[in-house]
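Raw contents of protein-v4.pdb, PDB, C-alpha atoms:
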```
ATOM      1  CA  MET Y   1      32.015 147.678 109.199
ATOM      2  CA  SER Y   2      32.516 143.939 109.612
ATOM      3  CA  LYS Y   3      32.868 142.536 113.049
ATOM      4  CA  LYS Y   4      35.831 140.442 114.030
ATOM      5  CA  VAL Y   5      35.565 136.862 115.246
ATOM      6  CA  VAL Y   6      37.226 136.807 118.634
ATOM      7  CA  LYS Y   7      39.688 134.071 119.514
ATOM      8  CA  ARG Y   8      40.015 132.542 122.963
ATOM      9  CA  ARG Y   9      43.173 134.564 123.577
ATOM     10  CA  GLU Y  10      41.149 137.750 123.078
ATOM     11  CA  VAL Y  11      38.375 136.322 125.264
ATOM     12  CA  ARG Y  12      40.965 135.862 128.012
ATOM     13  CA  GLN Y  13      42.187 139.435 127.508
ATOM     14  CA  VAL Y  14      38.675 140.796 127.983
ATOM     15  CA  VAL Y  15      38.149 138.481 130.972
ATOM     16  CA  VAL Y  16      41.310 139.854 132.606
ATOM     17  CA  GLN Y  17      40.198 143.418 131.878
ATOM     18  CA  THR Y  18      36.717 142.689 133.258
ATOM     19  CA  LEU Y  19      38.018 141.091 136.453
ATOM     20  CA  TYR Y  20      40.443 143.984 136.855
ATOM     21  CA  GLN Y  21      37.593 146.477 136.557
ATOM     22  CA  MET Y  22      35.608 144.562 139.160
ATOM     23  CA  ILE Y  23      38.359 144.759 141.777
ATOM     24  CA  SER Y  24      39.792 148.157 140.864
ATOM     25  CA  ALA Y  25      36.672 150.265 140.474
ATOM     26  CA  HIS Y  26      36.018 152.851 143.126
ATOM     27  CA  LYS Y  27      32.442 151.695 143.234
ATOM     28  CA  ASP Y  28      30.911 148.268 143.093
ATOM     29  CA  LEU Y  29      30.485 147.318 139.463
ATOM     30  CA  ASP Y  30      28.208 144.542 138.443
ATOM     31  CA  ILE Y  31      29.470 142.152 135.822
ATOM     32  CA  ASN Y  32      27.681 143.923 132.949
ATOM     33  CA  GLU Y  33      29.218 147.298 133.845
ATOM     34  CA  ALA Y  34      32.659 145.722 134.182
ATOM     35  CA  VAL Y  35      32.292 143.980 130.808
ATOM     36  CA  ALA Y  36      31.206 147.265 129.212
ATOM     37  CA  TYR Y  37      34.266 149.065 130.624
ATOM     38  CA  ALA Y  38      36.550 146.244 129.499
ATOM     39  CA  LEU Y  39      35.134 146.232 125.976
ATOM     40  CA  GLU Y  40      35.310 150.005 125.754
ATOM     41  CA  ALA Y  41      38.934 150.068 126.881
ATOM     42  CA  GLY Y  42      39.662 146.750 125.361
ATOM     43  CA  VAL Y  43      41.335 144.833 122.703
ATOM     44  CA  PHE Y  44      39.547 145.818 119.478
ATOM     45  CA  PRO Y  45      36.663 148.131 120.446
ATOM     46  CA  GLU Y  46      36.493 149.879 117.072
ATOM     47  CA  GLU Y  47      35.935 146.558 115.288
ATOM     48  CA  GLY Y  48      33.260 145.252 117.622
ATOM     49  CA  TYR Y  49      32.806 141.686 118.720
ATOM     50  CA  GLU Y  50      31.081 138.967 116.809
ATOM     51  CA  GLY Y  51      31.449 135.323 117.584
ATOM     52  CA  ILE Y  52      32.881 135.878 121.044
ATOM     53  CA  ASP Y  53      32.816 132.595 122.909
ATOM     54  CA  ASN Y  54      30.220 133.913 125.364
ATOM     55  CA  GLU Y  55      29.854 130.618 127.153
ATOM     56  CA  TYR Y  56      33.571 130.374 127.850
ATOM     57  CA  PHE Y  57      33.837 134.109 128.524
ATOM     58  CA  TYR Y  58      31.275 133.919 131.311
ATOM     59  CA  GLU Y  59      32.580 130.546 132.513
ATOM     60  CA  LEU Y  60      35.982 132.133 133.115
ATOM     61  CA  ILE Y  61      34.628 135.244 134.811
ATOM     62  CA  GLU Y  62      32.168 133.385 137.024
ATOM     63  CA  GLY Y  63      34.572 130.517 137.665
ATOM     64  CA  VAL Y  64      37.410 132.764 138.790
ATOM     65  CA  ARG Y  65      35.068 134.872 140.904
ATOM     66  CA  SER Y  66      33.294 131.948 142.563
ATOM     67  CA  LYS Y  67      36.515 130.046 143.299
ATOM     68  CA  GLU Y  68      38.724 133.050 144.074
ATOM     69  CA  THR Y  69      39.534 131.995 147.664
ATOM     70  CA  GLU Y  70      40.285 128.433 146.596
ATOM     71  CA  ILE Y  71      42.395 129.633 143.653
ATOM     72  CA  ASP Y  72      44.347 132.025 145.881
ATOM     73  CA  LYS Y  73      45.139 129.133 148.242
ATOM     74  CA  LEU Y  74      46.429 127.156 145.245
ATOM     75  CA  ILE Y  75      48.584 130.094 144.110
ATOM     76  CA  GLU Y  76      50.140 130.946 147.494
ATOM     77  CA  PRO Y  77      52.573 127.986 147.738
ATOM     78  CA  TYR Y  78      54.114 129.046 144.408
ATOM     79  CA  LEU Y  79      54.892 132.595 145.546
ATOM     80  CA  THR Y  80      58.387 132.080 146.910
ATOM     81  CA  GLY Y  81      59.245 135.250 148.813
ATOM     82  CA  TRP Y  82      55.971 136.919 147.816
ATOM     83  CA  SER Y  83      52.459 137.204 149.174
ATOM     84  CA  LEU Y  84      49.189 137.731 147.339
ATOM     85  CA  ASP Y  85      49.049 141.290 148.718
ATOM     86  CA  ARG Y  86      52.374 142.203 147.093
ATOM     87  CA  ILE Y  87      51.559 141.009 143.580
ATOM     88  CA  ALA Y  88      50.394 143.612 141.088
ATOM     89  CA  ARG Y  89      46.621 143.267 140.697
ATOM     90  CA  ILE Y  90      46.799 142.562 136.986
ATOM     91  CA  ASP Y  91      49.377 139.794 137.538
ATOM     92  CA  LEU Y  92      47.243 138.260 140.276
ATOM     93  CA  ILE Y  93      44.240 138.245 137.952
ATOM     94  CA  ILE Y  94      46.303 136.619 135.194
ATOM     95  CA  LEU Y  95      47.436 133.945 137.655
ATOM     96  CA  ARG Y  96      43.875 133.407 138.848
ATOM     97  CA  VAL Y  97      42.694 132.835 135.280
ATOM     98  CA  ALA Y  98      45.587 130.429 134.615
ATOM     99  CA  PHE Y  99      45.062 128.493 137.844
ATOM    100  CA  TYR Y 100      41.325 128.312 137.181
ATOM    101  CA  GLU Y 101      42.011 126.816 133.770
ATOM    102  CA  ILE Y 102      44.654 124.419 135.138
ATOM    103  CA  PHE Y 103      42.651 123.168 138.126
ATOM    104  CA  PHE Y 104      38.975 123.589 137.191
ATOM    105  CA  VAL Y 105      38.673 123.312 133.394
ATOM    106  CA  SER Y 106      38.894 119.912 131.728
ATOM    107  CA  LYS Y 107      42.243 119.099 130.140
ATOM    108  CA  GLU Y 108      40.420 118.261 126.903
ATOM    109  CA  GLU Y 109      39.061 121.799 126.749
ATOM    110  CA  VAL Y 110      42.230 123.585 127.893
ATOM    111  CA  PRO Y 111      45.409 121.544 128.355
ATOM    112  CA  ASN Y 112      47.623 122.757 131.206
ATOM    113  CA  ASN Y 113      50.414 123.856 128.876
ATOM    114  CA  VAL Y 114      47.930 125.994 126.911
ATOM    115  CA  ALA Y 115      46.692 127.653 130.138
ATOM    116  CA  ALA Y 116      50.312 128.371 131.097
ATOM    117  CA  ASP Y 117      51.228 129.719 127.647
ATOM    118  CA  GLU Y 118      48.148 131.926 127.644
ATOM    119  CA  ALA Y 119      49.071 133.327 131.076
ATOM    120  CA  ILE Y 120      52.479 134.286 129.729
ATOM    121  CA  GLU Y 121      50.898 135.892 126.650
ATOM    122  CA  LEU Y 122      48.479 137.816 128.885
ATOM    123  CA  SER Y 123      51.369 139.077 130.985
ATOM    124  CA  LYS Y 124      53.152 140.217 127.799
ATOM    125  CA  PHE Y 125      49.997 142.078 126.789
ATOM    126  CA  PHE Y 126      49.238 143.712 130.150
ATOM    127  CA  SER Y 127      52.526 143.860 132.059
ATOM    128  CA  ASP Y 128      56.229 144.498 131.769
ATOM    129  CA  ASP Y 129      59.142 142.055 131.418
ATOM    130  CA  LYS Y 130      59.550 141.614 135.186
ATOM    131  CA  SER Y 131      55.897 140.698 135.562
ATOM    132  CA  ARG Y 132      56.097 138.334 132.602
ATOM    133  CA  GLN Y 133      59.080 136.588 134.188
ATOM    134  CA  PHE Y 134      57.256 136.369 137.517
ATOM    135  CA  VAL Y 135      54.075 134.935 135.956
ATOM    136  CA  SER Y 136      56.147 132.591 133.806
ATOM    137  CA  GLY Y 137      58.029 131.303 136.860
ATOM    138  CA  VAL Y 138      54.853 130.663 138.827
ATOM    139  CA  VAL Y 139      53.068 128.835 136.002
ATOM    140  CA  ALA Y 140      56.215 126.814 135.196
ATOM    141  CA  LYS Y 141      56.312 125.576 138.808
ATOM    142  CA  VAL Y 142      52.651 124.600 138.801
ATOM    143  CA  LEU Y 143      53.068 122.844 135.449
ATOM    144  CA  ASP Y 144      55.975 120.838 136.833
ATOM    145  CA  ASP Y 145      53.888 119.831 139.853
ATOM    146  CA  THR Y 146      50.780 118.916 137.857
ATOM    147  CA  LYS Y 147      52.894 116.936 135.379
ATOM    148  CA  ALA Y 148      54.605 115.073 138.233
ATOM    149  CA  GLU Y 149      51.185 114.301 139.775
ATOM    150  CA  ALA Y 150      49.856 113.054 136.429
ATOM    151  CA  ASP Y 151      52.970 110.883 135.964
ATOM    152  CA  ASN Y 152      52.412 109.311 139.397
ATOM    153  CA  GLU Y 153      48.800 108.390 138.663
TER     154      GLU Y 153
END
```
Let me see the file written as structure tokens.
Amino acid sequence: MSKKVVKRREVRQVVVQTLYQMISAHKDLDINEAVAYALEAGVFPEEGYEGIDNEYFYELIEGVRSKETEIDKLIEPYLTGWSLDRIARIDLIILRVAFYEIFFVSKEEVPNNVAADEAIELSKFFSDDKSRQFVSGVVAKVLDDTKAEADNE
């Protein structure tokens, strides 16, 4: 059986699944247990993983986890009529990954529009149409703001 080379989109899918496991488990999971659950339940478990961008995989997981409070404060102003507590967990995790990439990853590595597009793709993969529209609306607003800031510099 040949193993599949995993693309960044699939890395993000496993990151979302891992982060979800870490906040949803009934017991405290360490990162290795959460990754194992995510891979078992995940994208292409029967094909295995070869060539996964481990560095970026762990950068996303650790980055989102270590900056969670800061990221949540960045997200909150974009939640018109919503609060972090009301958002579905999976959608919140998708937004956290997107905001991490927009605010903490270099634009050369991940341009803002790519981070936004990937968030929408993740919401298509994990959520329903309403969630996709919600995530899309939030990331569109942040893109507008970051573009306006870049234009003013």
Pick from Y:Ile102, Y:Leu79, Y:Val135, Y:Ala38, whichever lies nearest to Y:Ile120 using all atoms listed in the file: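 Looking only at the distances to Y:Ile120, the closest residue turns out to be Y:Val135.
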Point-to-point distance from atom CA of Y:Val139 to atom CA of Y:Ala116, Å rounded to tenths: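 So the two atoms, atom CA of Y:Val139 and atom CA of Y:Ala116, lie 5.6 Å apart.
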Using only C-alpha atoms: which of Y:Ile75, Y:Ala34, Y:Ala98, Y:Val64 has the shortest distance to Y:Pro111: Y:Ala98
Counting only C-alpha atoms, the residue of Y:Arg96, Y:Lys124, Y:Lys147, Y:Arg9 that sits nearest Y:Leu74: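 Among the listed residues, Y:Arg96 lies closest to Y:Leu74.
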Pairwise distance for atom CA of Y:Arg86 and atom CA of Y:Asp72, rounded to one decimal in Å: 13.0 Å
Surrounding residues of Y:Arg65 excluding itself and chain neighbours under 4 positions, 10 Å, all atoms listed in the file, as a list in words: Leu19, Met22, Glu59, Leu60, Ile61, Thr69, Ile71, Arg96, Val97 and Tyr100 of chain Y
Same residues, C-alpha atoms, output as a short mmCIF file (atom, residue, chain, number, x, y, z; two decimals), in the coordinates of the input:
```cif
data_model
loop_
_atom_site.label_atom_id
_atom_site.label_comp_id
_atom_site.auth_asym_id
_atom_site.auth_seq_id
_atom_site.Cartn_x
_atom_site.Cartn_y
_atom_site.Cartn_z
CA LEU Y 19 38.02 141.09 136.45
CA MET Y 22 35.61 144.56 139.16
CA GLU Y 59 32.58 130.55 132.51
CA LEU Y 60 35.98 132.13 133.12
CA ILE Y 61 34.63 135.24 134.81
CA THR Y 69 39.53 132.00 147.66
CA ILE Y 71 42.40 129.63 143.65
CA ARG Y 96 43.88 133.41 138.85
CA VAL Y 97 42.69 132.84 135.28
CA TYR Y 100 41.32 128.31 137.18
#
```
One-decimal distance in Å that lies between atom CA of Y:Val35 and atom CA of Y:Gln21: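 If I compute the distance from atom CA of Y:Gln21 to atom CA of Y:Val35, I get 8.2 Å.
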Which residue of Y:Lys7, Y:Val14, Y:Tyr56, Y:Thr80 approaches Y:Glu109 most closely, using only C-alpha atoms: Y:Tyr56
How about completing stretch 50-78 of chain Y with N, CA and C atoms and giving it to me as a compact mmCIF listing (two decimals), in the frame of the given file?
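As written to disk, rebuild.txt reads:
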```txt
# COMPACT_ATOMS: atom_id res chain seq x y z
N GLU Y 50 32.05 139.91 117.34
CA GLU Y 50 31.08 138.97 116.81
C GLU Y 50 31.70 137.59 116.96
N GLY Y 51 30.93 136.66 117.44
CA GLY Y 51 31.45 135.32 117.58
C GLY Y 51 32.27 135.13 118.83
N ILE Y 52 32.18 136.07 119.78
CA ILE Y 52 32.88 135.88 121.04
C ILE Y 52 32.33 134.62 121.70
N ASP Y 53 33.20 133.84 122.27
CA ASP Y 53 32.82 132.60 122.91
C ASP Y 53 32.15 132.95 124.24
N ASN Y 54 30.90 133.41 124.17
CA ASN Y 54 30.22 133.91 125.36
C ASN Y 54 30.18 132.89 126.48
N GLU Y 55 29.94 131.65 126.12
CA GLU Y 55 29.85 130.62 127.15
C GLU Y 55 31.18 130.53 127.91
N TYR Y 56 32.27 130.47 127.19
CA TYR Y 56 33.57 130.37 127.85
C TYR Y 56 33.94 131.69 128.54
N PHE Y 57 33.59 132.80 127.93
CA PHE Y 57 33.84 134.11 128.52
C PHE Y 57 33.23 134.19 129.92
N TYR Y 58 31.95 133.85 130.01
CA TYR Y 58 31.28 133.92 131.31
C TYR Y 58 31.70 132.79 132.23
N GLU Y 59 32.07 131.63 131.67
CA GLU Y 59 32.58 130.55 132.51
C GLU Y 59 33.84 131.00 133.23
N LEU Y 60 34.75 131.65 132.50
CA LEU Y 60 35.98 132.13 133.12
C LEU Y 60 35.71 133.19 134.18
N ILE Y 61 34.90 134.18 133.84
CA ILE Y 61 34.63 135.24 134.81
C ILE Y 61 33.97 134.67 136.06
N GLU Y 62 32.90 133.93 135.88
CA GLU Y 62 32.17 133.38 137.02
C GLU Y 62 33.00 132.35 137.77
N GLY Y 63 33.74 131.53 137.03
CA GLY Y 63 34.57 130.52 137.66
C GLY Y 63 35.65 131.13 138.54
N VAL Y 64 36.36 132.11 138.01
CA VAL Y 64 37.41 132.76 138.79
C VAL Y 64 36.81 133.48 139.99
N ARG Y 65 35.70 134.15 139.79
CA ARG Y 65 35.07 134.87 140.90
C ARG Y 65 34.55 133.92 141.97
N SER Y 66 33.90 132.85 141.57
CA SER Y 66 33.29 131.95 142.56
C SER Y 66 34.33 131.10 143.29
N LYS Y 67 35.48 130.89 142.69
CA LYS Y 67 36.52 130.05 143.30
C LYS Y 67 37.75 130.86 143.71
N GLU Y 68 37.59 132.17 143.82
CA GLU Y 68 38.72 133.05 144.07
C GLU Y 68 39.52 132.64 145.31
N THR Y 69 38.84 132.37 146.43
CA THR Y 69 39.53 132.00 147.66
C THR Y 69 40.30 130.69 147.48
N GLU Y 70 39.66 129.72 146.86
CA GLU Y 70 40.28 128.43 146.60
C GLU Y 70 41.48 128.59 145.65
N ILE Y 71 41.31 129.39 144.61
CA ILE Y 71 42.40 129.63 143.65
C ILE Y 71 43.57 130.32 144.36
N ASP Y 72 43.28 131.32 145.17
CA ASP Y 72 44.35 132.02 145.88
C ASP Y 72 45.13 131.07 146.78
N LYS Y 73 44.45 130.12 147.41
CA LYS Y 73 45.14 129.13 148.24
C LYS Y 73 46.01 128.21 147.39
N LEU Y 74 45.60 127.96 146.16
CA LEU Y 74 46.43 127.16 145.24
C LEU Y 74 47.65 127.94 144.76
N ILE Y 75 47.48 129.25 144.60
CA ILE Y 75 48.58 130.09 144.11
C ILE Y 75 49.65 130.30 145.18
N GLU Y 76 49.23 130.53 146.42
CA GLU Y 76 50.14 130.95 147.49
C GLU Y 76 51.41 130.10 147.63
N PRO Y 77 51.33 128.77 147.58
CA PRO Y 77 52.57 127.99 147.74
C PRO Y 77 53.61 128.23 146.64
N TYR Y 78 53.21 128.80 145.53
CA TYR Y 78 54.11 129.05 144.41
C TYR Y 78 54.73 130.45 144.44
```
